[in-house]
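Q: Below you'll find the structure I mean.
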Amino acid sequence: MSQQLPDIDTQLANHKLSQEDYTHIKQILGREPNLVELGIFSAMWSEHCSYKSSKVHLKGFPTKAPWVIQGPGENAGVIDIGDGYAAVFKMESHNHPSFIEPYQGAATGVGGIMRDIFTMGARPIANLNALRFGNVLNDDDISKHQRYLVRGVTEGIGGYGNCMGVPTIGGETSFDECYNGNILVNAFTLGLAKSDEIFYGKAEGIGNPVLYVGAKTGRDGLGGAVMSSDSFTEESKSLRPTVQVGDPFTEKLLLEACLELFKTDHVVGIQDMGAAGLTSSSFEMAGRSGSGMIMHLDKVPAREENMTPYDFMLSESQERMLLCAKKGSEAEIIKIFEKWDLDAAVIGEVTDTGNMELFWHGEKVAEVPVDPVSEEAPELNRPMKKPAYLDSIADVSIDDFEYVDNQEAFEKLTCSMEVVDKSWIYTQYDSMVQTNTVKKGGELDASVIRVKENGKALAMSADCNVRYCYIDPRGGGAAAVIESGRNVAMSGARPLAITDCLNYGNPENPEVMWQFGQGCEGIKEACAELTTPVIGGNVSLYNETNGVSVFPTPSIATVGVNDDQNNVLMSTFQKEGNVLYLVGESKSEFGGSLYMKEICGVVAGKLPEIDYKKELALWDLVIEGNKKNLLECAKDASSGGVAIALAKMAATSGLGCDVRMSVSDKRDIFAESMSRAIIEVKPQNCEAFEATLGTLQCEKIGTVGGESIKINDVTMSLQRLHENYFNTFKRVIERDL
């Protein structure tokens, strides 16, 4: 079975393994590995699968709360939402594939995250996505390519999600030059299940059969996990074959077949074949129960000729599952999948050897002990160094730049790609399928769906201010958790848990590792202070091209529960004549602000102050005020400050406003102090609302109504605002068409 591999140095380089790794592999096996075994170790020890650079920093994440049913370590996390129901959710990255082939890269990212959800026994009921692109504004090759990527990624997400009949109800899209060489595509799915009917990815019970179900295996995606564990160079353009190709119609059949199967008692465990395909799914299932497994690779359904054991183990063909069943149930399971026009085959069985034994037409072609593949994967404590740039930007303020009139600044900011409505993107997604969407993309802050089964509503939001993470990686990580939770609270829902996508540059760069370590510390602190545990997530490193890494981008998706689906709080103006309040303390805080980026042309300064007590008090005020029906709408004031928050509320509602806000500097209408919200209240409810404020600072700033938006010394007609807000994005993205 084992034989000396020819030109081992070349083989190790191709598999992104070091000489130290190779020595370790030989110690584990007690001999030289063959090509199949080398491929297995390469995939399982890749950055993408083993988290070898990040593991040391992920320890200590808060992962528990009374409502957490399943934390990190499974296909997805699970929280109890009451009345016997659970929300199952997770977010993952598909960055590298989407940069190489935007349509399929984004589509298979959506498909993969949905499989993670229905593998747990949950029906997917909502999708979000967090997208980052480079500069799309210019006429140079970079901007033209970025516009092409926006169009391709959007089509891929819409094409897959729409075919699956799962609504894409929100998310965020942002733009920065740091993503010119690496876009980020983070996909989130939430599903609903009965809390006592969750399925897990385990293979146990000696002699129980192992079945392959779903689409046939081809050679697409070979080496995908390894590819996603390296930086991009000019040569990376040849990596297109490592990108998987998805088929949402097959996935829809697989979803329905799995949900039908879950109504039986045939299943012991089930696992999606994601990154590293059959390798990761089989090793993870056996590893979770401490068992071994025999697999006959010649029994795996194939759609290409002359495939080898290596191809079968490392292919990342989509729409496939591996399941462990109760002995004797094989025929019934195969019958269910054949009914849905899907392949199903018994390819092996669970053993007590602790080894993965692979056969090819009766001949053993690989034997690898299961536990060491995961337990002894390299755990690197990479060097860390505080980035030199931080000291040079810390003391930069808006006073270092030429004064810009507020009116001019407002007109520029309302056309910023960060601010303008992205309906060109989200109208390509079906947001209303399943008829449960209460608050969708474009309606500001969190998105909300109703849960017909228990009368509640689930609010969710994906957020990360990358400018904050650049100027203060730790504070920026905390701020992403805070803003995501605040957006959920603004809908009247109580934030309960998060999932994350930690997107960073090259971990071999000590400054990037310092950013990563600091980001993790910020997330840990915020999650502990806000009682929103991390129940799953993803790390994406090597987001770097030609030595240039992206800004730290820890995307955070928060999920919360509103006990009454008929009392969801909106984030846009509701009625002329209503009173507007600004809750929270406003200061001249511009570090990492949209104002500094767009008006001053820099990303610099000190992060606005974080105060968890004030943040939680704001959440409580809105959630409890909504329960008492005292509030008409609530919108957080974040990127662009109060002025831009009001502009968005006016544009999306078609109602103007007249606001006078107390400031120490005229430009403070654009400042980005945290823990603030604009709240709309009916005149007759003002006294009752003010009585609930407690120690929170609050100012009555104006009223809703009129044909224009007026904020201190700034004014703009609703017609002009509408043009800026709703038409800018389409004009930019379709420039080349």
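If you're wondering about the labels, chains in the structure tokens are A, B, ... by order shown, residues count from 1 in each chain, ligands from 1 in order shown.
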Quick one: residues within 8 Å of segment 633-642 of chain A, only C-alpha atoms counted, chain neighbours fewer than 5 positions away excluded, as a PyMOL selection string?

A: chain A and resi 413+444-445+483+486-487+490-491+569-574+593-595+622+649+668-681

Q: Among the residues of segment 7-250 of chain A, find those DSSP assigns to helix (DSSP H, G or I) from the backbone and print them as a PyMOL selection string.

A: chain A and resi 8-14+19-29+35-44+47-50+55-58+95-100+102-118+141-164+177-179+224-227+234-242+248-250

Q: Report, in Å to a single decimal, how far apart atom CA of Lys52 of chain A and atom CA of Val466 of chain A are.

A: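 Atom CA of Lys52 of chain A lies at a distance of 24.2 Å from atom CA of Val466 of chain A.
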
Q: What's around His296 of chain A at 10 Å? Count only C-alpha atoms, leave out sequence neighbours fewer than 5 positions away in its own chain, and write the answer as a VMD selection string.

A: chain A and resid 309 346 to 349 357 to 365

Q: Pull all heavy atoms from the residues just selected and write them as a CSV table (one decimal), in the first residue's frame.

A:
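Written out: result-v7.csv:
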```
chain,number,residue,atom,x,y,z
A,309,PRO,N,-8.8,7.0,-6.6
A,309,PRO,CA,-9.1,7.2,-5.1
A,309,PRO,C,-8.7,8.6,-4.7
A,309,PRO,O,-9.5,9.2,-3.9
A,309,PRO,CB,-8.2,6.2,-4.5
A,309,PRO,CG,-8.1,5.1,-5.5
A,309,PRO,CD,-8.0,5.8,-6.8
A,346,VAL,N,-24.4,2.6,-0.5
A,346,VAL,CA,-23.7,2.2,0.7
A,346,VAL,C,-22.2,2.1,0.3
A,346,VAL,O,-21.9,1.3,-0.6
A,346,VAL,CB,-24.2,0.8,1.3
A,346,VAL,CG1,-23.4,0.4,2.5
A,346,VAL,CG2,-25.7,0.9,1.6
A,347,ILE,N,-21.4,2.9,0.9
A,347,ILE,CA,-19.9,2.9,0.5
A,347,ILE,C,-19.0,2.4,1.7
A,347,ILE,O,-17.8,2.3,1.5
A,347,ILE,CB,-19.5,4.2,0.0
A,347,ILE,CG1,-19.5,5.3,1.2
A,347,ILE,CG2,-20.3,4.7,-1.2
A,347,ILE,CD1,-18.8,6.6,0.8
A,348,GLY,N,-19.6,2.1,2.8
A,348,GLY,CA,-18.7,1.6,3.9
A,348,GLY,C,-19.4,1.3,5.2
A,348,GLY,O,-20.7,1.2,5.2
A,349,GLU,N,-18.7,1.2,6.3
A,349,GLU,CA,-19.3,1.0,7.6
A,349,GLU,C,-18.4,1.5,8.7
A,349,GLU,O,-17.2,1.7,8.5
A,349,GLU,CB,-19.5,-0.5,7.7
A,349,GLU,CG,-18.3,-1.4,7.8
A,349,GLU,CD,-18.6,-2.9,8.0
A,349,GLU,OE1,-19.3,-3.4,7.1
A,349,GLU,OE2,-18.2,-3.4,9.0
A,357,GLU,N,-10.0,3.3,6.7
A,357,GLU,CA,-9.4,2.4,5.8
A,357,GLU,C,-10.1,2.5,4.4
A,357,GLU,O,-11.4,2.4,4.4
A,357,GLU,CB,-9.6,1.0,6.3
A,357,GLU,CG,-8.9,0.7,7.7
A,357,GLU,CD,-9.3,-0.6,8.3
A,357,GLU,OE1,-8.7,-1.7,7.8
A,357,GLU,OE2,-10.1,-0.7,9.2
A,358,LEU,N,-9.4,2.8,3.4
A,358,LEU,CA,-9.9,3.1,2.1
A,358,LEU,C,-9.6,2.0,1.1
A,358,LEU,O,-8.4,1.5,1.1
A,358,LEU,CB,-9.4,4.4,1.6
A,358,LEU,CG,-9.6,5.6,2.5
A,358,LEU,CD1,-9.0,6.9,1.8
A,358,LEU,CD2,-11.1,5.8,2.8
A,359,PHE,N,-10.6,1.5,0.4
A,359,PHE,CA,-10.4,0.4,-0.5
A,359,PHE,C,-10.8,0.8,-1.9
A,359,PHE,O,-11.7,1.7,-2.1
A,359,PHE,CB,-11.3,-0.8,-0.1
A,359,PHE,CG,-10.8,-1.5,1.2
A,359,PHE,CD1,-11.1,-1.0,2.4
A,359,PHE,CD2,-9.9,-2.6,1.1
A,359,PHE,CE1,-10.7,-1.6,3.6
A,359,PHE,CE2,-9.5,-3.2,2.2
A,359,PHE,CZ,-9.8,-2.8,3.5
A,360,TRP,N,-10.1,0.2,-2.9
A,360,TRP,CA,-10.4,0.5,-4.3
A,360,TRP,C,-10.4,-0.9,-5.0
A,360,TRP,O,-9.4,-1.6,-5.2
A,360,TRP,CB,-9.3,1.3,-4.9
A,360,TRP,CG,-9.4,1.8,-6.3
A,360,TRP,CD1,-8.7,1.4,-7.4
A,360,TRP,CD2,-10.4,2.7,-6.8
A,360,TRP,NE1,-9.1,2.0,-8.5
A,360,TRP,CE2,-10.2,2.8,-8.2
A,360,TRP,CE3,-11.5,3.4,-6.3
A,360,TRP,CZ2,-11.0,3.6,-9.1
A,360,TRP,CZ3,-12.3,4.1,-7.1
A,360,TRP,CH2,-12.0,4.3,-8.5
A,361,HIS,N,-11.7,-1.3,-5.4
A,361,HIS,CA,-11.9,-2.6,-6.0
A,361,HIS,C,-11.2,-3.7,-5.2
A,361,HIS,O,-10.5,-4.6,-5.7
A,361,HIS,CB,-11.3,-2.6,-7.4
A,361,HIS,CG,-12.0,-1.7,-8.3
A,361,HIS,ND1,-13.3,-1.9,-8.8
A,361,HIS,CD2,-11.6,-0.5,-8.9
A,361,HIS,CE1,-13.7,-0.8,-9.6
A,361,HIS,NE2,-12.7,0.0,-9.6
A,362,GLY,N,-11.5,-3.7,-3.9
A,362,GLY,CA,-11.0,-4.7,-3.0
A,362,GLY,C,-9.6,-4.6,-2.4
A,362,GLY,O,-9.2,-5.2,-1.5
A,363,GLU,N,-8.8,-3.6,-3.0
A,363,GLU,CA,-7.5,-3.4,-2.5
A,363,GLU,C,-7.4,-2.2,-1.6
A,363,GLU,O,-7.9,-1.2,-1.9
A,363,GLU,CB,-6.5,-3.2,-3.7
A,363,GLU,CG,-5.1,-3.0,-3.3
A,363,GLU,CD,-4.2,-2.5,-4.5
A,363,GLU,OE1,-4.7,-2.6,-5.7
A,363,GLU,OE2,-3.1,-2.1,-4.3
A,364,LYS,N,-6.8,-2.4,-0.5
A,364,LYS,CA,-6.6,-1.3,0.5
A,364,LYS,C,-5.6,-0.3,-0.1
A,364,LYS,O,-4.5,-0.6,-0.4
A,364,LYS,CB,-6.1,-1.8,1.8
A,364,LYS,CG,-6.1,-0.7,2.9
A,364,LYS,CD,-5.6,-1.2,4.3
A,364,LYS,CE,-6.6,-2.0,5.0
A,364,LYS,NZ,-6.2,-2.3,6.4
A,365,VAL,N,-6.1,1.0,-0.3
A,365,VAL,CA,-5.2,2.0,-0.9
A,365,VAL,C,-4.8,3.1,0.1
A,365,VAL,O,-3.9,3.9,-0.2
A,365,VAL,CB,-5.9,2.6,-2.1
A,365,VAL,CG1,-6.0,1.6,-3.3
A,365,VAL,CG2,-7.3,3.2,-1.7
```

Q: Neighbouring residues of Ala215 of chain A were defined as those with any atom within 10 Å, considering only C-alpha atoms; residues of the same chain fewer than 3 positions away were excluded. Please report them as a PyMOL selection string.

A: chain A and resi 212+218+247+250-251+253-254+301-303+317-321+341-344
